[in-house]
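Novice: If it helps, the file is called entry-v5.pdb and holds PDB, N, CA, C and O atoms:
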```pdb
ATOM      1  N   HIS A   1     -24.547  92.237 -42.054
ATOM      2  CA  HIS A   1     -24.925  93.387 -41.251
ATOM      3  C   HIS A   1     -24.306  94.636 -41.829
ATOM      4  O   HIS A   1     -23.327  94.568 -42.564
ATOM      5  N   PRO A   2     -24.877  95.796 -41.517
ATOM      6  CA  PRO A   2     -24.315  97.058 -42.014
ATOM      7  C   PRO A   2     -22.930  97.307 -41.417
ATOM      8  O   PRO A   2     -22.632  96.871 -40.308
ATOM      9  N   HIS A   3     -22.105  97.984 -42.150
ATOM     10  CA  HIS A   3     -20.764  98.336 -41.683
ATOM     11  C   HIS A   3     -20.668  99.849 -41.571
ATOM     12  O   HIS A   3     -21.218 100.577 -42.388
ATOM     13  N   TYR A   4     -19.951 100.293 -40.561
ATOM     14  CA  TYR A   4     -19.793 101.724 -40.315
ATOM     15  C   TYR A   4     -18.320 102.045 -40.134
ATOM     16  O   TYR A   4     -17.540 101.215 -39.683
ATOM     17  N   THR A   5     -17.958 103.255 -40.509
ATOM     18  CA  THR A   5     -16.604 103.739 -40.293
ATOM     19  C   THR A   5     -16.695 105.127 -39.676
ATOM     20  O   THR A   5     -17.768 105.581 -39.325
ATOM     21  N   ARG A   6     -15.593 105.788 -39.600
ATOM     22  CA  ARG A   6     -15.580 107.144 -39.087
ATOM     23  C   ARG A   6     -16.015 108.093 -40.183
ATOM     24  O   ARG A   6     -15.800 107.792 -41.343
ATOM     25  N   PRO A   7     -16.570 109.211 -39.897
ATOM     26  CA  PRO A   7     -16.958 109.760 -38.600
ATOM     27  C   PRO A   7     -18.243 109.124 -38.093
ATOM     28  O   PRO A   7     -18.932 108.405 -38.810
ATOM     29  N   ALA A   8     -18.570 109.417 -36.855
ATOM     30  CA  ALA A   8     -19.755 108.835 -36.222
ATOM     31  C   ALA A   8     -21.048 109.370 -36.838
ATOM     32  O   ALA A   8     -22.080 108.728 -36.749
ATOM     33  N   VAL A   9     -20.995 110.535 -37.471
ATOM     34  CA  VAL A   9     -22.154 111.104 -38.173
ATOM     35  C   VAL A   9     -21.693 111.495 -39.572
ATOM     36  O   VAL A   9     -20.704 112.215 -39.737
ATOM     37  N   PHE A  10     -22.409 110.997 -40.570
ATOM     38  CA  PHE A  10     -22.070 111.291 -41.957
ATOM     39  C   PHE A  10     -23.357 111.512 -42.730
ATOM     40  O   PHE A  10     -24.246 110.659 -42.732
ATOM     41  N   ARG A  11     -23.477 112.689 -43.354
ATOM     42  CA  ARG A  11     -24.687 113.045 -44.102
ATOM     43  C   ARG A  11     -25.948 112.803 -43.277
ATOM     44  O   ARG A  11     -26.901 112.188 -43.725
ATOM     45  N   ASP A  12     -25.918 113.271 -42.070
ATOM     46  CA  ASP A  12     -27.030 113.173 -41.125
ATOM     47  C   ASP A  12     -27.398 111.738 -40.753
ATOM     48  O   ASP A  12     -28.467 111.481 -40.207
ATOM     49  N   MET A  13     -26.534 110.775 -41.047
ATOM     50  CA  MET A  13     -26.747 109.386 -40.619
ATOM     51  C   MET A  13     -25.772 109.098 -39.484
ATOM     52  O   MET A  13     -24.572 109.347 -39.607
ATOM     53  N   GLU A  14     -26.322 108.576 -38.384
ATOM     54  CA  GLU A  14     -25.495 108.316 -37.214
ATOM     55  C   GLU A  14     -25.195 106.835 -37.076
ATOM     56  O   GLU A  14     -26.014 105.983 -37.400
ATOM     57  N   VAL A  15     -24.007 106.550 -36.573
ATOM     58  CA  VAL A  15     -23.635 105.190 -36.230
ATOM     59  C   VAL A  15     -24.459 104.800 -35.006
ATOM     60  O   VAL A  15     -24.581 105.586 -34.066
ATOM     61  N   PRO A  16     -25.056 103.608 -34.995
ATOM     62  CA  PRO A  16     -25.833 103.194 -33.820
ATOM     63  C   PRO A  16     -24.985 103.219 -32.544
ATOM     64  O   PRO A  16     -23.802 102.852 -32.552
ATOM     65  N   ASP A  17     -25.605 103.644 -31.472
ATOM     66  CA  ASP A  17     -24.899 103.770 -30.185
ATOM     67  C   ASP A  17     -24.244 102.466 -29.748
ATOM     68  O   ASP A  17     -23.169 102.480 -29.158
ATOM     69  N   VAL A  18     -24.881 101.351 -30.028
ATOM     70  CA  VAL A  18     -24.331 100.069 -29.592
ATOM     71  C   VAL A  18     -22.943  99.842 -30.190
ATOM     72  O   VAL A  18     -22.070  99.267 -29.548
ATOM     73  N   LEU A  19     -22.722 100.333 -31.403
ATOM     74  CA  LEU A  19     -21.414 100.145 -32.031
ATOM     75  C   LEU A  19     -20.360 101.063 -31.433
ATOM     76  O   LEU A  19     -19.173 100.748 -31.464
ATOM     77  N   LEU A  20     -20.795 102.167 -30.886
ATOM     78  CA  LEU A  20     -19.860 103.101 -30.262
ATOM     79  C   LEU A  20     -19.570 102.736 -28.819
ATOM     80  O   LEU A  20     -18.632 103.256 -28.227
ATOM     81  N   SER A  21     -20.371 101.834 -28.257
ATOM     82  CA  SER A  21     -20.255 101.503 -26.838
ATOM     83  C   SER A  21     -18.979 100.745 -26.507
ATOM     84  O   SER A  21     -18.491 100.819 -25.383
ATOM     85  N   GLY A  22     -18.472  99.955 -27.445
ATOM     86  CA  GLY A  22     -17.291  99.160 -27.164
ATOM     87  C   GLY A  22     -17.603  97.859 -26.456
ATOM     88  O   GLY A  22     -16.695  97.097 -26.144
ATOM     89  N   HIS A  23     -18.856  97.580 -26.186
ATOM     90  CA  HIS A  23     -19.259  96.341 -25.512
ATOM     91  C   HIS A  23     -19.380  95.248 -26.569
ATOM     92  O   HIS A  23     -20.335  95.199 -27.332
ATOM     93  N   HIS A  24     -18.381  94.371 -26.612
ATOM     94  CA  HIS A  24     -18.264  93.407 -27.699
ATOM     95  C   HIS A  24     -19.444  92.449 -27.810
ATOM     96  O   HIS A  24     -19.874  92.122 -28.915
ATOM     97  N   ALA A  25     -19.980  92.035 -26.690
ATOM     98  CA  ALA A  25     -21.123  91.111 -26.725
ATOM     99  C   ALA A  25     -22.358  91.802 -27.303
ATOM    100  O   ALA A  25     -23.089  91.209 -28.108
ATOM    101  N   ASN A  26     -22.592  93.038 -26.914
ATOM    102  CA  ASN A  26     -23.730  93.786 -27.452
ATOM    103  C   ASN A  26     -23.557  94.067 -28.938
ATOM    104  O   ASN A  26     -24.516  94.015 -29.704
ATOM    105  N   VAL A  27     -22.332  94.367 -29.350
ATOM    106  CA  VAL A  27     -22.048  94.610 -30.765
ATOM    107  C   VAL A  27     -22.306  93.340 -31.570
ATOM    108  O   VAL A  27     -22.942  93.372 -32.622
ATOM    109  N   ALA A  28     -21.839  92.203 -31.057
ATOM    110  CA  ALA A  28     -22.048  90.927 -31.748
ATOM    111  C   ALA A  28     -23.534  90.599 -31.860
ATOM    112  O   ALA A  28     -23.996  90.145 -32.911
ATOM    113  N   ALA A  29     -24.299  90.849 -30.806
ATOM    114  CA  ALA A  29     -25.743  90.589 -30.830
ATOM    115  C   ALA A  29     -26.425  91.507 -31.842
ATOM    116  O   ALA A  29     -27.301  91.066 -32.599
ATOM    117  N   TRP A  30     -26.037  92.771 -31.887
ATOM    118  CA  TRP A  30     -26.614  93.718 -32.841
ATOM    119  C   TRP A  30     -26.318  93.279 -34.270
ATOM    120  O   TRP A  30     -27.202  93.285 -35.129
ATOM    121  N   ARG A  31     -25.074  92.869 -34.517
ATOM    122  CA  ARG A  31     -24.704  92.423 -35.861
ATOM    123  C   ARG A  31     -25.502  91.192 -36.268
ATOM    124  O   ARG A  31     -25.939  91.091 -37.415
ATOM    125  N   ARG A  32     -25.692  90.254 -35.355
ATOM    126  CA  ARG A  32     -26.469  89.052 -35.659
ATOM    127  C   ARG A  32     -27.920  89.429 -35.994
ATOM    128  O   ARG A  32     -28.485  88.941 -36.973
ATOM    129  N   GLU A  33     -28.513  90.313 -35.198
ATOM    130  CA  GLU A  33     -29.883  90.753 -35.471
ATOM    131  C   GLU A  33     -29.987  91.437 -36.825
ATOM    132  O   GLU A  33     -30.936  91.196 -37.576
ATOM    133  N   GLN A  34     -29.022  92.284 -37.146
ATOM    134  CA  GLN A  34     -29.042  92.974 -38.428
ATOM    135  C   GLN A  34     -28.897  91.985 -39.591
ATOM    136  O   GLN A  34     -29.556  92.124 -40.620
ATOM    137  N   SER A  35     -28.062  90.974 -39.401
ATOM    138  CA  SER A  35     -27.900  89.949 -40.431
ATOM    139  C   SER A  35     -29.196  89.186 -40.647
ATOM    140  O   SER A  35     -29.607  88.936 -41.783
ATOM    141  N   LEU A  36     -29.843  88.808 -39.555
ATOM    142  CA  LEU A  36     -31.112  88.094 -39.656
ATOM    143  C   LEU A  36     -32.181  88.971 -40.299
ATOM    144  O   LEU A  36     -32.972  88.500 -41.122
ATOM    145  N   LEU A  37     -32.216  90.234 -39.925
ATOM    146  CA  LEU A  37     -33.192  91.161 -40.493
ATOM    147  C   LEU A  37     -32.998  91.294 -42.007
ATOM    148  O   LEU A  37     -33.955  91.217 -42.772
ATOM    149  N   ARG A  38     -31.763  91.470 -42.444
ATOM    150  CA  ARG A  38     -31.494  91.605 -43.880
ATOM    151  C   ARG A  38     -31.841  90.317 -44.628
ATOM    152  O   ARG A  38     -32.359  90.358 -45.734
ATOM    153  N   THR A  39     -31.551  89.183 -44.015
ATOM    154  CA  THR A  39     -31.899  87.914 -44.638
ATOM    155  C   THR A  39     -33.413  87.788 -44.742
ATOM    156  O   THR A  39     -33.935  87.351 -45.776
ATOM    157  N   LEU A  40     -34.123  88.165 -43.699
ATOM    158  CA  LEU A  40     -35.589  88.129 -43.724
ATOM    159  C   LEU A  40     -36.129  89.013 -44.844
ATOM    160  O   LEU A  40     -37.049  88.631 -45.555
ATOM    161  N   GLN A  41     -35.545  90.170 -45.040
ATOM    162  CA  GLN A  41     -36.010  91.104 -46.058
ATOM    163  C   GLN A  41     -35.677  90.635 -47.474
ATOM    164  O   GLN A  41     -36.463  90.822 -48.391
ATOM    165  N   ARG A  42     -34.500  90.027 -47.638
ATOM    166  CA  ARG A  42     -34.018  89.729 -48.988
ATOM    167  C   ARG A  42     -34.154  88.272 -49.408
ATOM    168  O   ARG A  42     -34.406  87.984 -50.572
ATOM    169  N   ARG A  43     -33.935  87.343 -48.475
ATOM    170  CA  ARG A  43     -33.970  85.921 -48.802
ATOM    171  C   ARG A  43     -34.563  85.129 -47.636
ATOM    172  O   ARG A  43     -33.893  84.322 -47.006
ATOM    173  N   PRO A  44     -35.836  85.343 -47.321
ATOM    174  CA  PRO A  44     -36.435  84.701 -46.145
ATOM    175  C   PRO A  44     -36.378  83.175 -46.178
ATOM    176  O   PRO A  44     -36.323  82.542 -45.121
ATOM    177  N   GLU A  45     -36.332  82.578 -47.363
ATOM    178  CA  GLU A  45     -36.278  81.118 -47.441
ATOM    179  C   GLU A  45     -34.988  80.556 -46.844
ATOM    180  O   GLU A  45     -34.945  79.414 -46.395
ATOM    181  N   LEU A  46     -33.943  81.354 -46.795
ATOM    182  CA  LEU A  46     -32.677  80.896 -46.223
ATOM    183  C   LEU A  46     -32.757  80.720 -44.708
ATOM    184  O   LEU A  46     -31.984  79.953 -44.136
ATOM    185  N   LEU A  47     -33.675  81.410 -44.068
ATOM    186  CA  LEU A  47     -33.793  81.304 -42.614
ATOM    187  C   LEU A  47     -34.244  79.914 -42.178
ATOM    188  O   LEU A  47     -34.007  79.512 -41.046
ATOM    189  N   GLU A  48     -34.861  79.171 -43.071
ATOM    190  CA  GLU A  48     -35.278  77.806 -42.752
ATOM    191  C   GLU A  48     -34.073  76.881 -42.598
ATOM    192  O   GLU A  48     -34.168  75.848 -41.949
ATOM    193  N   GLN A  49     -32.943  77.251 -43.171
ATOM    194  CA  GLN A  49     -31.746  76.415 -43.160
ATOM    195  C   GLN A  49     -30.769  76.773 -42.045
ATOM    196  O   GLN A  49     -29.789  76.084 -41.842
ATOM    197  N   VAL A  50     -31.043  77.845 -41.338
ATOM    198  CA  VAL A  50     -30.120  78.359 -40.325
ATOM    199  C   VAL A  50     -30.544  77.876 -38.943
ATOM    200  O   VAL A  50     -31.725  77.840 -38.624
ATOM    201  N   GLU A  51     -29.555  77.529 -38.144
ATOM    202  CA  GLU A  51     -29.833  77.156 -36.765
ATOM    203  C   GLU A  51     -30.001  78.437 -35.946
ATOM    204  O   GLU A  51     -29.093  79.262 -35.864
ATOM    205  N   LEU A  52     -31.192  78.604 -35.389
ATOM    206  CA  LEU A  52     -31.514  79.799 -34.617
ATOM    207  C   LEU A  52     -31.761  79.439 -33.174
ATOM    208  O   LEU A  52     -32.303  78.379 -32.867
ATOM    209  N   SER A  53     -31.400  80.365 -32.289
ATOM    210  CA  SER A  53     -31.708  80.188 -30.875
ATOM    211  C   SER A  53     -33.196  80.447 -30.661
ATOM    212  O   SER A  53     -33.874  81.022 -31.526
ATOM    213  N   LYS A  54     -33.684  80.057 -29.522
ATOM    214  CA  LYS A  54     -35.091  80.305 -29.186
ATOM    215  C   LYS A  54     -35.382  81.805 -29.210
ATOM    216  O   LYS A  54     -36.410  82.243 -29.724
ATOM    217  N   LYS A  55     -34.467  82.593 -28.667
ATOM    218  CA  LYS A  55     -34.618  84.048 -28.632
ATOM    219  C   LYS A  55     -34.668  84.619 -30.051
ATOM    220  O   LYS A  55     -35.490  85.482 -30.352
ATOM    221  N   GLU A  56     -33.791  84.132 -30.937
ATOM    222  CA  GLU A  56     -33.779  84.615 -32.313
ATOM    223  C   GLU A  56     -35.059  84.236 -33.051
ATOM    224  O   GLU A  56     -35.612  85.041 -33.793
ATOM    225  N   ARG A  57     -35.546  83.011 -32.853
ATOM    226  CA  ARG A  57     -36.791  82.590 -33.498
ATOM    227  C   ARG A  57     -37.955  83.469 -33.053
ATOM    228  O   ARG A  57     -38.768  83.896 -33.871
ATOM    229  N   GLU A  58     -38.029  83.763 -31.759
ATOM    230  CA  GLU A  58     -39.104  84.618 -31.240
ATOM    231  C   GLU A  58     -38.986  86.034 -31.806
ATOM    232  O   GLU A  58     -39.981  86.644 -32.186
ATOM    233  N   TRP A  59     -37.775  86.559 -31.853
ATOM    234  CA  TRP A  59     -37.544  87.891 -32.390
ATOM    235  C   TRP A  59     -37.995  87.959 -33.849
ATOM    236  O   TRP A  59     -38.677  88.905 -34.257
ATOM    237  N   LEU A  60     -37.632  86.942 -34.645
ATOM    238  CA  LEU A  60     -38.049  86.903 -36.041
ATOM    239  C   LEU A  60     -39.558  86.766 -36.176
ATOM    240  O   LEU A  60     -40.173  87.371 -37.052
ATOM    241  N   ARG A  61     -40.172  85.968 -35.311
ATOM    242  CA  ARG A  61     -41.632  85.818 -35.341
ATOM    243  C   ARG A  61     -42.318  87.167 -35.133
ATOM    244  O   ARG A  61     -43.268  87.496 -35.823
ATOM    245  N   ARG A  62     -41.805  87.928 -34.163
ATOM    246  CA  ARG A  62     -42.385  89.251 -33.897
ATOM    247  C   ARG A  62     -42.181  90.190 -35.081
ATOM    248  O   ARG A  62     -43.095  90.930 -35.454
ATOM    249  N   LEU A  63     -41.003  90.138 -35.692
ATOM    250  CA  LEU A  63     -40.745  90.978 -36.867
ATOM    251  C   LEU A  63     -41.696  90.637 -38.002
ATOM    252  O   LEU A  63     -42.253  91.519 -38.644
ATOM    253  N   MET A  64     -41.891  89.346 -38.247
ATOM    254  CA  MET A  64     -42.782  88.930 -39.325
ATOM    255  C   MET A  64     -44.222  89.325 -39.020
ATOM    256  O   MET A  64     -44.955  89.757 -39.911
ATOM    257  N   ALA A  65     -44.622  89.201 -37.762
ATOM    258  CA  ALA A  65     -45.976  89.597 -37.375
ATOM    259  C   ALA A  65     -46.158  91.100 -37.567
ATOM    260  O   ALA A  65     -47.193  91.552 -38.064
ATOM    261  N   ASP A  66     -45.144  91.876 -37.201
ATOM    262  CA  ASP A  66     -45.202  93.327 -37.396
ATOM    263  C   ASP A  66     -45.281  93.677 -38.876
ATOM    264  O   ASP A  66     -46.009  94.585 -39.267
ATOM    265  N   ARG A  67     -44.547  92.946 -39.714
ATOM    266  CA  ARG A  67     -44.596  93.175 -41.158
ATOM    267  C   ARG A  67     -45.996  92.905 -41.694
ATOM    268  O   ARG A  67     -46.522  93.664 -42.486
ATOM    269  N   GLU A  68     -46.585  91.811 -41.245
ATOM    270  CA  GLU A  68     -47.928  91.457 -41.700
ATOM    271  C   GLU A  68     -48.951  92.482 -41.228
ATOM    272  O   GLU A  68     -49.845  92.862 -41.964
ATOM    273  N   THR A  69     -48.818  92.942 -40.003
ATOM    274  CA  THR A  69     -49.720  93.951 -39.469
ATOM    275  C   THR A  69     -49.580  95.250 -40.263
ATOM    276  O   THR A  69     -50.571  95.885 -40.614
ATOM    277  N   GLY A  70     -48.357  95.615 -40.577
ATOM    278  CA  GLY A  70     -48.106  96.819 -41.366
ATOM    279  C   GLY A  70     -48.692  96.713 -42.757
ATOM    280  O   GLY A  70     -49.248  97.668 -43.286
ATOM    281  N   LYS A  71     -48.597  95.550 -43.354
ATOM    282  CA  LYS A  71     -49.150  95.339 -44.693
ATOM    283  C   LYS A  71     -50.672  95.422 -44.652
ATOM    284  O   LYS A  71     -51.292  95.969 -45.545
ATOM    285  N   ALA A  72     -51.264  94.885 -43.581
ATOM    286  CA  ALA A  72     -52.721  94.872 -43.477
ATOM    287  C   ALA A  72     -53.260  96.285 -43.316
ATOM    288  O   ALA A  72     -54.357  96.601 -43.752
ATOM    289  N   GLN A  73     -52.483  97.191 -42.688
ATOM    290  CA  GLN A  73     -52.930  98.547 -42.442
ATOM    291  C   GLN A  73     -52.821  99.427 -43.678
ATOM    292  O   GLN A  73     -53.468 100.452 -43.775
ATOM    293  N   LYS A  74     -52.010  99.049 -44.659
ATOM    294  CA  LYS A  74     -51.796  99.894 -45.847
ATOM    295  C   LYS A  74     -52.905  99.772 -46.837
ATOM    296  O   LYS A  74     -53.661  98.947 -46.958
TER
END
```
Once more with this new file: its structure as structure tokens, please.
Specialist:
Amino acid sequence: HPHYTRPAVFRDMEVPDVLLSGHHANVAAWRREQSLLRTLQRRPELLEQVELSKKEREWLRRLMADRETGKAQK
């Protein structure tokens, strides 16, 4: 997942609000989603080897469907 440090805004890039919230469960969920997203983008074959929750599998399915829809529109 992406890593952020101070300041909260650097070169017009902002740290996501969830990371500033201090809510550890939400931060952990965001990091997991970002990790899955990066894996999907860079090494999708690795996702077949990972144990995913039902929620994560559905989230990835929607992301892949959105990617395919975006490709079809271009």
Novice: To one decimal place in Å, what is the distance between atom N of Met13 of chain A and atom N of Arg31 of chain A?
Specialist: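 These two atoms are separated by 19.1 Å.
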Novice: Go through the shown structure with the PyMOL selection byres (((chain A and resi 30 and name CA) around 12) and name CA) and write out the matching residues as a PyMOL selection string.
Specialist: chain A and resi 1-3+16-21+23-29+31-37+56
Novice: Nearest to Leu40 of chain A among A:Gly70, A:Leu60, A:Lys54, A:Gly22, with distances taken over only C-alpha atoms: which residue is it?
Specialist: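 Answer, going by the shortest atom-to-atom distance: A:Leu60.
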Novice: Please, what is the axis-aligned box for every listed atom of segment 45-59 of chain A with 3 Å on each side, as centre and edge lengths in Å to one decimal, as lines of an AutoDock Vina configuration file?
Specialist:
```
center_x = -34.5
center_y = 82.4
center_z = -38.0
size_x = 16.9
size_y = 19.1
size_z = 24.8
```
Novice: Measure the distance from atom N of Val50 of chain A to atom C of Tyr4 of chain A in Å and round it to one decimal.
Specialist: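 Result for atom N of Val50 of chain A versus atom C of Tyr4 of chain A: 27.4 Å, one decimal.
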Novice: Work out how far apart atom O of Asp66 of chain A and atom N of Leu47 of chain A are and give it in Å to one decimal.
Specialist: 18.7 Å
